>>> print(open('model-v1.cif').read())   # mmCIF, C-alpha atoms
data_model
#
loop_
_atom_site.group_PDB
_atom_site.id
_atom_site.type_symbol
_atom_site.label_atom_id
_atom_site.label_comp_id
_atom_site.auth_asym_id
_atom_site.auth_seq_id
_atom_site.Cartn_x
_atom_site.Cartn_y
_atom_site.Cartn_z
ATOM 1 C CA MET A 799 -0.151 -82.338 45.889
ATOM 2 C CA SER A 800 -3.786 -82.354 47.075
ATOM 3 C CA LYS A 801 -4.792 -83.739 50.467
ATOM 4 C CA LEU A 802 -6.926 -86.437 48.770
ATOM 5 C CA ILE A 803 -4.029 -87.691 46.655
ATOM 6 C CA VAL A 804 -1.741 -87.819 49.698
ATOM 7 C CA LEU A 805 -4.309 -89.799 51.688
ATOM 8 C CA GLU A 806 -4.999 -92.239 48.870
ATOM 9 C CA GLU A 807 -1.291 -92.836 48.305
ATOM 10 C CA MET A 808 -0.853 -93.502 52.020
ATOM 11 C CA LEU A 809 -3.741 -96.001 52.038
ATOM 12 C CA LEU A 810 -2.305 -97.760 49.001
ATOM 13 C CA ASP A 811 1.112 -98.047 50.648
ATOM 14 C CA LEU A 812 -0.575 -99.499 53.732
ATOM 15 C CA ILE A 813 -2.428 -102.145 51.700
ATOM 16 C CA ASN A 814 0.705 -103.091 49.788
ATOM 17 C CA GLU A 815 2.686 -103.415 53.008
ATOM 18 C CA THR A 816 0.151 -105.330 55.109
ATOM 19 C CA GLN A 817 -0.590 -108.974 54.350
ATOM 20 C CA GLY A 818 -4.273 -109.896 54.370
ATOM 21 C CA LEU A 819 -5.550 -106.332 54.102
ATOM 22 C CA LEU A 820 -8.280 -105.997 51.449
ATOM 23 C CA ALA A 821 -9.268 -102.340 51.697
ATOM 24 C CA ALA A 822 -8.762 -99.150 53.705
ATOM 25 C CA MET A 823 -11.157 -96.199 53.954
ATOM 26 C CA ILE A 824 -11.487 -92.812 55.624
ATOM 27 C CA LEU A 825 -15.059 -91.701 56.313
ATOM 28 C CA ASP A 826 -16.546 -88.511 57.659
ATOM 29 C CA LEU A 827 -19.250 -88.672 60.330
ATOM 30 C CA ASP A 828 -21.966 -88.456 57.688
ATOM 31 C CA GLY A 829 -20.737 -91.788 56.355
ATOM 32 C CA LEU A 830 -19.262 -90.270 53.205
ATOM 33 C CA ILE A 831 -15.983 -91.685 51.930
ATOM 34 C CA ILE A 832 -13.112 -89.176 52.068
ATOM 35 C CA ALA A 833 -10.528 -91.564 50.627
ATOM 36 C CA LYS A 834 -10.472 -95.272 49.785
ATOM 37 C CA GLN A 835 -8.131 -97.892 48.383
ATOM 38 C CA SER A 836 -8.515 -101.648 47.891
ATOM 39 C CA VAL A 837 -6.715 -104.619 46.394
ATOM 40 C CA ARG A 838 -7.505 -105.622 42.849
ATOM 41 C CA GLY A 839 -10.548 -107.871 42.719
ATOM 42 C CA PHE A 840 -11.980 -106.663 46.036
ATOM 43 C CA ASP A 841 -15.665 -107.519 46.241
ATOM 44 C CA GLU A 842 -17.338 -104.116 46.253
ATOM 45 C CA GLU A 843 -20.625 -105.767 47.248
ATOM 46 C CA LEU A 844 -19.153 -106.185 50.729
ATOM 47 C CA ILE A 845 -19.203 -102.418 51.094
ATOM 48 C CA GLY A 846 -22.948 -102.506 51.743
ATOM 49 C CA ALA A 847 -22.557 -104.768 54.788
ATOM 50 C CA ILE A 848 -19.534 -102.841 55.973
ATOM 51 C CA MET A 849 -21.254 -99.468 55.695
ATOM 52 C CA SER A 850 -24.214 -100.814 57.678
ATOM 53 C CA ILE A 851 -21.888 -101.673 60.571
ATOM 54 C CA LEU A 852 -20.149 -98.312 60.352
ATOM 55 C CA ASP A 853 -23.432 -96.398 60.186
ATOM 56 C CA GLN A 854 -24.340 -97.796 63.594
ATOM 57 C CA THR A 855 -21.014 -96.648 64.995
ATOM 58 C CA ILE A 856 -21.299 -93.207 63.399
ATOM 59 C CA ASN A 857 -24.797 -92.763 64.800
ATOM 60 C CA ARG A 858 -23.577 -93.608 68.305
ATOM 61 C CA ILE A 859 -20.734 -91.112 68.042
ATOM 62 C CA ARG A 860 -23.110 -88.453 66.758
ATOM 63 C CA LYS A 861 -25.605 -89.162 69.571
ATOM 64 C CA TYR A 862 -23.000 -89.057 72.306
ATOM 65 C CA SER A 863 -20.812 -86.276 70.945
ATOM 66 C CA GLU A 864 -18.816 -85.931 74.167
ATOM 67 C CA THR A 865 -17.901 -89.609 74.185
ATOM 68 C CA SER A 866 -15.067 -91.135 72.205
ATOM 69 C CA PHE A 867 -15.660 -94.663 71.011
ATOM 70 C CA GLY A 868 -11.982 -95.048 70.183
ATOM 71 C CA CYS A 869 -11.835 -98.204 68.145
ATOM 72 C CA GLY A 870 -13.683 -101.411 67.455
ATOM 73 C CA SER A 871 -13.604 -104.586 65.417
ATOM 74 C CA PHE A 872 -16.106 -106.911 63.814
ATOM 75 C CA SER A 873 -15.738 -110.288 62.101
ATOM 76 C CA THR A 874 -17.888 -112.238 59.653
ATOM 77 C CA ASN A 875 -17.247 -115.277 57.465
ATOM 78 C CA GLU A 876 -16.277 -112.930 54.628
ATOM 79 C CA PHE A 877 -14.152 -110.238 56.228
ATOM 80 C CA GLN A 878 -12.688 -108.699 59.368
ATOM 81 C CA LEU A 879 -13.237 -105.010 60.075
ATOM 82 C CA PHE A 880 -11.287 -102.688 62.327
ATOM 83 C CA TYR A 881 -12.029 -98.988 62.806
ATOM 84 C CA VAL A 882 -10.510 -96.188 64.848
ATOM 85 C CA GLU A 883 -12.068 -92.792 65.448
ATOM 86 C CA LEU A 884 -9.809 -89.931 64.408
ATOM 87 C CA SER A 885 -9.530 -86.420 65.847
ATOM 88 C CA LYS A 886 -12.717 -84.599 66.793
ATOM 89 C CA VAL A 887 -11.274 -81.368 65.364
ATOM 90 C CA VAL A 888 -11.862 -82.771 61.882
ATOM 91 C CA PRO A 889 -13.894 -85.849 62.907
ATOM 92 C CA ALA A 890 -13.497 -88.959 60.798
ATOM 93 C CA ILE A 891 -13.196 -92.734 61.037
ATOM 94 C CA PHE A 892 -10.351 -94.803 59.660
ATOM 95 C CA VAL A 893 -11.431 -98.295 58.561
ATOM 96 C CA LEU A 894 -9.431 -101.383 57.649
ATOM 97 C CA ILE A 895 -10.977 -104.445 56.013
ATOM 98 C CA GLY A 896 -9.046 -107.693 56.159
ATOM 99 C CA ASP A 897 -9.734 -111.140 54.772
ATOM 100 C CA PRO A 898 -11.236 -113.653 57.252
ATOM 101 C CA TYR A 899 -7.861 -115.360 57.705
ATOM 102 C CA SER A 900 -5.736 -112.280 58.408
ATOM 103 C CA ASN A 901 -4.179 -111.666 61.819
ATOM 104 C CA ILE A 902 -6.084 -108.528 62.782
ATOM 105 C CA ASP A 903 -4.098 -108.178 66.029
ATOM 106 C CA GLN A 904 -0.933 -107.840 63.971
ATOM 107 C CA ILE A 905 -2.496 -105.155 61.787
ATOM 108 C CA ILE A 906 -3.912 -102.991 64.605
ATOM 109 C CA PRO A 907 -0.622 -101.466 65.924
ATOM 110 C CA TYR A 908 0.333 -100.567 62.365
ATOM 111 C CA ALA A 909 -3.150 -99.142 61.800
ATOM 112 C CA TYR A 910 -2.735 -96.726 64.704
ATOM 113 C CA LEU A 911 0.518 -95.442 63.253
ATOM 114 C CA THR A 912 -1.263 -94.743 59.957
ATOM 115 C CA ALA A 913 -4.284 -93.268 61.758
ATOM 116 C CA GLU A 914 -2.080 -90.682 63.467
ATOM 117 C CA LYS A 915 -0.643 -89.590 60.127
ATOM 118 C CA ILE A 916 -4.124 -89.362 58.602
ATOM 119 C CA SER A 917 -5.369 -87.288 61.541
ATOM 120 C CA LEU A 918 -2.455 -84.868 61.182
ATOM 121 C CA ILE A 919 -3.125 -84.431 57.456
ATOM 122 C CA LEU A 920 -6.863 -83.906 57.968
ATOM 123 C CA ASN A 921 -6.092 -81.254 60.574
ATOM 124 C CA ASN A 922 -3.551 -79.515 58.307
ATOM 125 C CA HIS A 923 -0.553 -80.463 60.449
ATOM 126 C CA GLU A 924 2.818 -81.413 59.022
ATOM 127 C CA SER A 925 3.300 -85.162 58.759
ATOM 128 C CA MET A 926 5.648 -87.592 57.086
ATOM 129 C CA THR A 927 3.425 -89.561 54.702
ATOM 130 C CA ASN A 928 5.659 -92.584 54.201
ATOM 131 C CA ILE A 929 4.647 -95.721 56.102
ATOM 132 C CA PRO A 930 7.464 -97.689 57.803
ATOM 133 C CA LYS A 931 8.158 -101.163 56.469
ATOM 134 C CA LEU A 932 7.207 -104.365 58.262
ATOM 135 C CA ASN A 933 9.109 -107.633 58.497
ATOM 136 C CA ASN A 934 7.449 -111.036 58.116
ATOM 137 C CA ASN A 935 6.474 -111.007 61.798
ATOM 138 C CA GLY A 936 4.638 -107.701 61.492
ATOM 139 C CA GLN A 937 7.341 -105.723 63.294
ATOM 140 C CA LEU A 938 8.404 -102.238 62.241
ATOM 141 C CA LEU A 939 11.704 -101.912 60.423
ATOM 142 C CA PHE A 940 13.610 -98.775 61.371
ATOM 143 C CA ILE A 941 15.788 -98.205 58.317
ATOM 144 C CA PRO A 942 17.056 -94.749 57.296
ATOM 145 C CA GLU A 943 16.151 -93.533 53.829
ATOM 146 C CA ASN A 944 19.779 -92.620 53.214
ATOM 147 C CA LYS A 945 21.764 -95.679 54.290
ATOM 148 C CA SER A 946 25.161 -94.110 53.603
ATOM 149 C CA GLY A 947 27.162 -93.830 56.808
ATOM 150 C CA TYR A 948 24.622 -95.796 58.861
ATOM 151 C CA SER A 949 24.672 -99.222 60.442
ATOM 152 C CA ARG A 950 22.253 -100.931 62.796
ATOM 153 C CA ASN A 951 24.202 -99.488 65.722
ATOM 154 C CA ASN A 952 23.639 -95.960 64.414
ATOM 155 C CA ILE A 953 19.868 -96.259 64.889
ATOM 156 C CA ASN A 954 18.231 -95.713 68.270
ATOM 157 C CA LYS A 955 14.570 -95.588 69.258
ATOM 158 C CA ILE A 956 13.356 -93.369 72.093
ATOM 159 C CA VAL A 957 9.876 -94.064 73.471
ATOM 160 C CA VAL A 958 8.129 -91.014 74.980
ATOM 161 C CA VAL A 959 5.212 -91.632 77.372
ATOM 162 C CA GLY A 960 3.167 -89.773 79.967
ATOM 163 C CA SER A 961 -0.316 -88.518 80.699
ATOM 164 C CA GLU A 962 -2.473 -86.928 78.035
ATOM 165 C CA SER A 963 -1.421 -83.321 77.273
ATOM 166 C CA ALA A 964 1.796 -83.608 79.302
ATOM 167 C CA GLY A 965 3.572 -82.090 76.287
ATOM 168 C CA LYS A 966 5.091 -85.222 74.736
ATOM 169 C CA SER A 967 4.351 -84.304 71.115
ATOM 170 C CA ALA A 968 5.399 -80.688 71.635
ATOM 171 C CA LEU A 969 8.720 -81.739 73.184
ATOM 172 C CA VAL A 970 9.406 -84.157 70.321
ATOM 173 C CA ARG A 971 8.593 -81.504 67.695
ATOM 174 C CA THR A 972 10.674 -78.840 69.421
ATOM 175 C CA TYR A 973 13.713 -81.116 69.501
ATOM 176 C CA SER A 974 13.351 -82.651 66.052
ATOM 177 C CA ARG A 975 12.133 -79.634 64.084
ATOM 178 C CA GLY A 976 12.924 -76.630 66.257
ATOM 179 C CA THR A 977 9.291 -75.479 66.185
ATOM 180 C CA PHE A 978 6.570 -75.266 68.822
ATOM 181 C CA SER A 979 2.826 -75.469 68.246
ATOM 182 C CA ASP A 980 0.173 -74.839 70.890
ATOM 183 C CA ASP A 981 -2.504 -76.353 68.642
ATOM 184 C CA TYR A 982 -3.039 -79.397 70.842
ATOM 185 C CA LYS A 983 -4.321 -82.651 69.348
ATOM 186 C CA PRO A 984 -4.145 -85.934 71.285
ATOM 187 C CA THR A 985 -1.914 -88.518 69.640
ATOM 188 C CA ILE A 986 -4.204 -91.217 68.202
ATOM 189 C CA GLY A 987 -1.872 -94.062 69.113
ATOM 190 C CA ILE A 988 1.690 -93.432 68.024
ATOM 191 C CA SER A 989 3.625 -90.820 66.112
ATOM 192 C CA ILE A 990 7.158 -91.508 64.882
ATOM 193 C CA ILE A 991 9.543 -88.674 64.058
ATOM 194 C CA LYS A 992 13.104 -89.054 62.827
ATOM 195 C CA LYS A 993 16.033 -86.894 63.879
ATOM 196 C CA GLU A 994 19.331 -87.207 62.031
ATOM 197 C CA LEU A 995 22.542 -86.125 63.724
ATOM 198 C CA GLN A 996 26.041 -85.727 62.312
ATOM 199 C CA ILE A 997 28.142 -86.734 65.304
ATOM 200 C CA SER A 998 31.459 -86.616 63.471
ATOM 201 C CA LYS A 999 32.737 -86.647 59.908
ATOM 202 C CA ASN A 1000 32.409 -90.426 59.673
ATOM 203 C CA TYR A 1001 29.646 -91.079 62.202
ATOM 204 C CA ASN A 1002 25.961 -90.363 61.731
ATOM 205 C CA LEU A 1003 23.236 -91.097 64.246
ATOM 206 C CA GLN A 1004 19.543 -91.418 63.576
ATOM 207 C CA LEU A 1005 16.991 -91.200 66.367
ATOM 208 C CA PHE A 1006 13.434 -92.452 65.983
ATOM 209 C CA LEU A 1007 11.232 -90.683 68.529
ATOM 210 C CA LEU A 1008 8.167 -92.806 69.287
ATOM 211 C CA ASP A 1009 5.525 -90.516 70.793
ATOM 212 C CA LEU A 1010 2.903 -92.811 72.353
ATOM 213 C CA GLY A 1011 -0.645 -91.604 73.011
ATOM 214 C CA GLY A 1012 -1.309 -90.988 76.703
ATOM 215 C CA ILE A 1013 -5.037 -91.703 76.768
ATOM 216 C CA LYS A 1014 -5.863 -94.677 78.992
ATOM 217 C CA SER A 1015 -7.648 -96.580 76.223
ATOM 218 C CA PHE A 1016 -4.411 -96.615 74.178
ATOM 219 C CA ALA A 1017 -2.633 -98.859 76.707
ATOM 220 C CA LYS A 1018 -3.325 -101.928 74.590
ATOM 221 C CA ILE A 1019 -1.587 -100.219 71.674
ATOM 222 C CA ARG A 1020 1.378 -98.822 73.616
ATOM 223 C CA LYS A 1021 2.463 -102.280 74.725
ATOM 224 C CA PHE A 1022 3.421 -103.172 71.153
ATOM 225 C CA TYR A 1023 5.964 -100.342 70.925
ATOM 226 C CA TYR A 1024 7.863 -100.532 74.205
ATOM 227 C CA GLY A 1025 9.797 -103.460 72.793
ATOM 228 C CA TYR A 1026 11.431 -101.251 70.152
ATOM 229 C CA SER A 1027 12.935 -98.840 72.661
ATOM 230 C CA ASN A 1028 16.575 -98.106 73.397
ATOM 231 C CA ALA A 1029 15.470 -95.529 75.989
ATOM 232 C CA VAL A 1030 12.218 -94.352 77.574
ATOM 233 C CA LEU A 1031 11.260 -90.806 78.585
ATOM 234 C CA ILE A 1032 8.408 -90.504 81.115
ATOM 235 C CA LEU A 1033 6.934 -86.983 81.180
ATOM 236 C CA PHE A 1034 4.805 -85.080 83.622
ATOM 237 C CA ASP A 1035 3.459 -81.539 83.360
ATOM 238 C CA TYR A 1036 4.615 -79.141 86.095
ATOM 239 C CA SER A 1037 1.448 -77.084 85.660
ATOM 240 C CA ARG A 1038 -0.880 -80.060 86.273
ATOM 241 C CA ILE A 1039 -0.122 -81.919 89.501
ATOM 242 C CA GLU A 1040 -2.333 -84.850 88.491
ATOM 243 C CA THR A 1041 0.125 -85.778 85.742
ATOM 244 C CA PHE A 1042 2.810 -86.232 88.407
ATOM 245 C CA ASP A 1043 0.383 -88.189 90.579
ATOM 246 C CA ASN A 1044 0.028 -90.613 87.650
ATOM 247 C CA ILE A 1045 3.777 -91.118 87.240
ATOM 248 C CA ILE A 1046 3.818 -94.332 89.278
ATOM 249 C CA ASP A 1047 1.286 -95.823 86.859
ATOM 250 C CA TRP A 1048 3.566 -94.928 83.939
ATOM 251 C CA ILE A 1049 6.596 -96.373 85.705
ATOM 252 C CA GLU A 1050 4.718 -99.610 86.336
ATOM 253 C CA GLU A 1051 3.519 -99.793 82.727
ATOM 254 C CA THR A 1052 7.022 -99.148 81.417
ATOM 255 C CA ASN A 1053 8.596 -101.780 83.658
ATOM 256 C CA LYS A 1054 5.897 -104.269 82.674
ATOM 257 C CA PHE A 1055 6.599 -104.031 78.964
ATOM 258 C CA ILE A 1056 10.345 -103.296 78.934
ATOM 259 C CA LYS A 1057 11.919 -106.735 79.062
ATOM 260 C CA ASP A 1058 15.528 -105.550 78.838
ATOM 261 C CA LYS A 1059 16.199 -103.999 82.247
ATOM 262 C CA SER A 1060 19.388 -102.350 80.989
ATOM 263 C CA ILE A 1061 17.338 -99.935 78.868
ATOM 264 C CA PRO A 1062 17.553 -96.473 80.471
ATOM 265 C CA ILE A 1063 14.419 -94.749 81.735
ATOM 266 C CA LEU A 1064 14.422 -90.976 82.349
ATOM 267 C CA LEU A 1065 11.930 -88.868 84.292
ATOM 268 C CA ILE A 1066 11.121 -85.508 82.700
ATOM 269 C CA GLY A 1067 9.347 -82.546 84.307
ATOM 270 C CA ASN A 1068 7.938 -80.590 81.356
ATOM 271 C CA LYS A 1069 6.331 -77.110 80.923
ATOM 272 C CA ILE A 1070 8.601 -75.376 83.431
ATOM 273 C CA ASP A 1071 7.693 -72.117 81.671
ATOM 274 C CA LEU A 1072 4.162 -72.322 83.093
ATOM 275 C CA VAL A 1073 5.041 -72.322 86.811
ATOM 276 C CA ASN A 1074 6.831 -69.689 88.870
ATOM 277 C CA ASP A 1075 7.470 -71.790 91.960
ATOM 278 C CA ARG A 1076 8.085 -75.471 91.315
ATOM 279 C CA GLU A 1077 10.519 -76.221 94.146
ATOM 280 C CA ASP A 1078 8.214 -78.540 96.138
ATOM 281 C CA LEU A 1079 7.211 -80.584 93.094
ATOM 282 C CA ARG A 1080 10.801 -80.636 91.863
ATOM 283 C CA LEU A 1081 11.967 -82.149 95.174
ATOM 284 C CA LYS A 1082 9.248 -84.810 94.971
ATOM 285 C CA ALA A 1083 10.196 -85.618 91.381
ATOM 286 C CA GLN A 1084 13.890 -85.788 92.216
ATOM 287 C CA GLY A 1085 13.133 -88.066 95.157
ATOM 288 C CA LEU A 1086 11.088 -90.376 92.952
ATOM 289 C CA ALA A 1087 13.808 -90.405 90.306
ATOM 290 C CA GLU A 1088 16.413 -91.323 92.926
ATOM 291 C CA GLN A 1089 14.136 -94.068 94.268
ATOM 292 C CA TYR A 1090 14.022 -95.729 90.852
ATOM 293 C CA ASP A 1091 17.559 -94.695 89.858
ATOM 294 C CA TYR A 1092 16.275 -92.603 86.940
ATOM 295 C CA PRO A 1093 18.043 -89.507 85.620
ATOM 296 C CA PHE A 1094 15.813 -86.439 86.076
ATOM 297 C CA PHE A 1095 15.503 -83.480 83.686
ATOM 298 C CA GLU A 1096 13.346 -80.366 83.462
ATOM 299 C CA THR A 1097 12.212 -79.033 80.094
ATOM 300 C CA SER A 1098 10.022 -76.526 78.305
ATOM 301 C CA ALA A 1099 8.760 -77.405 74.846
ATOM 302 C CA LEU A 1100 7.744 -73.757 74.384
ATOM 303 C CA THR A 1101 11.120 -72.139 75.107
ATOM 304 C CA GLY A 1102 13.304 -75.162 74.389
ATOM 305 C CA GLU A 1103 14.913 -74.907 77.830
ATOM 306 C CA GLY A 1104 16.498 -78.156 78.957
ATOM 307 C CA ILE A 1105 15.701 -80.107 75.776
ATOM 308 C CA ASP A 1106 19.162 -79.970 74.212
ATOM 309 C CA GLU A 1107 20.694 -80.942 77.557
ATOM 310 C CA LEU A 1108 18.314 -83.895 77.810
ATOM 311 C CA PHE A 1109 19.133 -85.316 74.399
ATOM 312 C CA LEU A 1110 22.830 -84.521 74.701
ATOM 313 C CA TYR A 1111 22.823 -86.644 77.849
ATOM 314 C CA LEU A 1112 21.105 -89.465 75.991
ATOM 315 C CA ILE A 1113 23.484 -89.348 73.049
ATOM 316 C CA SER A 1114 26.627 -88.925 75.159
ATOM 317 C CA ASN A 1115 25.907 -91.443 77.902
ATOM 318 C CA LEU A 1116 23.539 -94.027 76.518
ATOM 319 C CA PHE A 1117 24.151 -94.472 72.804
#
>>> encode(input="model-v1.cif", output="structure tokens")
Amino acid sequence: MSKLIVLEEMLLDLINETQGLLAAMILDLDGLIIAKQSVRGFDEELIGAIMSILDQTINRIRKYSETSFGCGSFSTNEFQLFYVELSKVVPAIFVLIGDPYSNIDQIIPYAYLTAEKISLILNNHESMTNIPKLNNNGQLLFIPENKSGYSRNNINKIVVVGSESAGKSALVRTYSRGTFSDDYKPTIGISIIKKELQISKNYNLQLFLLDLGGIKSFAKIRKFYYGYSNAVLILFDYSRIETFDNIIDWIEETNKFIKDKSIPILLIGNKIDLVNDREDLRLKAQGLAEQYDYPFFETSALTGEGIDELFLYLISNLF
């Protein structure tokens, strides 16, 4: 199946799933439409006004090539527009157009989930193309495709957070797919990967791994997803001390948005393969983990060291 067909099918699924959404587009930085879908009867004359707004944004991005404009929104009496800039590897803009009465704030978290999938496809990375379902309140429904042997108690969501390039996506991929890629691309907002486990003959477990983007500007998006979590993993990178220095900020953010204080939080020191002597930093990390009563693990997404032990602990002790 061609990349264009996959993208258009994904946009159509998004429109069908999201109330008040009129159209969805993917543009390159020349303003050319890569893929587009809209509801039946959509007023194509609005495209002229919409493209004028987007041209201004595209010109700013082109002028300040080292600056990311992230996302933006615009409202008129006829429509609401939301855009998010995709990866600079294959630069593009993802645009949603809603009716003037739609709840754009409800659409935005869902838009970031779709944007991440689009970015992966544009950059020739593997991605699940199906879009999760929403309930009437705009919340994600975590339902396995194969419901046989599953109940609500068989489904657990693990939120993974930490500084940009701490190795969150690599750790998730290594555990869920058994593969490692050093082709780094920042997570746009959120990536969700499923991992199915056969615990016993009559008991299946499905994990949803919610990999949240670590860039500071994504904080307003991350807050929507903490509420889904059954456990939180906070990562730092052993090879970059600044990611450990930021751990307190991540702890504070997690505690701010996790309302259920019984939800376990784990501290993870990642990329142990990149450092020969980590004893001093390990002692600091262990001390911090003890201070907050967090379990502490060390992992390498490259070699897989420590990852099975981490998730075995989660499955055995928490779920």
>>> closest_residue(input="model-v1.cif", among="A:Lys992, A:Tyr1036, A:Leu1086, A:Val970", to="Gly1102 (chain A)", atoms="all atoms listed in the file")
A:Val970
>>> closest_residue(input="model-v1.cif", among="A:Gly1104, A:Gly870, A:Gly965, A:Gly896", to="Ile813 (chain A)", atoms="all atoms listed in the file")
A:Gly896
>>> resolve_selection(input="model-v1.cif", expression="the PyMOL selection byres ((chain A and resi 1035) around 6)", output="MDAnalysis selection string")
chainID A and resid 964 1034 1036:1038 1041 1068:1069
>>> closest_residue(input="model-v1.cif", among="A:Asn952, A:Phe1055, A:Val958, A:Glu843", to="Gln996 (chain A)", atoms="all atoms listed in the file")
A:Asn952
>>> atom_distance(input="model-v1.cif", atom1="CA of Leu938 (chain A)", atom2="CA of Pro907 (chain A)")
9.8 Å
>>> closest_residue(input="model-v1.cif", among="A:Leu939, A:Ala1099, A:Ile832, A:Ile902", to="Leu920 (chain A)", atoms="all atoms listed in the file")
A:Ile832
>>> residues_around(input="model-v1.cif", residues="Phe1095 (chain A)", least_positions_apart="3", cutoff="8 Å", atoms="only C-alpha atoms", output="compact mmCIF listing (two decimals) with C-alpha atoms, keeping the file's coordinate frame")
# COMPACT_ATOMS: atom_id res chain seq x y z
CA LEU A 1064 14.42 -90.98 82.35
CA LEU A 1065 11.93 -88.87 84.29
CA ILE A 1066 11.12 -85.51 82.70
CA GLY A 1067 9.35 -82.55 84.31
CA GLY A 1104 16.50 -78.16 78.96
CA LEU A 1108 18.31 -83.90 77.81
>>> residues_near_point(input="model-v1.cif", point="(8.3, -102.1, 82.2)", cutoff="12 Å", atoms="only C-alpha atoms", output="ChimeraX atom specification")
/A:957,959,1020-1021,1023-1025,1027,1029-1030,1032,1046-1063
>>> atom_distance(input="model-v1.cif", atom1="CA of Phe1016 (chain A)", atom2="CA of Gln854 (chain A)")
22.6 Å
>>> atom_distance(input="model-v1.cif", atom1="CA of Leu810 (chain A)", atom2="CA of Ile851 (chain A)")
23.1 Å
>>> closest_residue(input="model-v1.cif", among="A:Asp841, A:Arg1080, A:Asp1075, A:Ser1098", to="Arg971 (chain A)", atoms="all atoms listed in the file")
A:Ser1098
>>> resolve_selection(input="model-v1.cif", expression="the PyMOL selection byres ((chain A and resi 962) around 6)", output="list in words")
Ser961, Ser963, Ala964, Gly1012 and Ile1013 of chain A
>>> resolve_selection(input="model-v1.cif", expression="the PyMOL selection byres ((chain A and resi 892-895) around 6)", output="PyMOL selection string")
chain A and resi 820-824+878-882+891+896
>>> closest_residue(input="model-v1.cif", among="A:Glu914, A:Ile1113, A:Phe1042, A:Asn1002", to="Leu1079 (chain A)", atoms="all atoms listed in the file")
A:Phe1042
>>> residues_around(input="model-v1.cif", residues="Glu1077 (chain A)", least_positions_apart="4", cutoff="12 Å", atoms="only C-alpha atoms", output="ChimeraX atom specification")
/A:1036,1067,1070,1073,1081-1084,1096
>>> axis_aligned_box(input="model-v1.cif", around="region 1057-1065 of chain A", padding_each_side="3 Å", output="JSON")
{"center_x": 15.7, "center_y": -97.8, "center_z": 81.6, "size_x": 13.5, "size_y": 23.9, "size_z": 11.5}
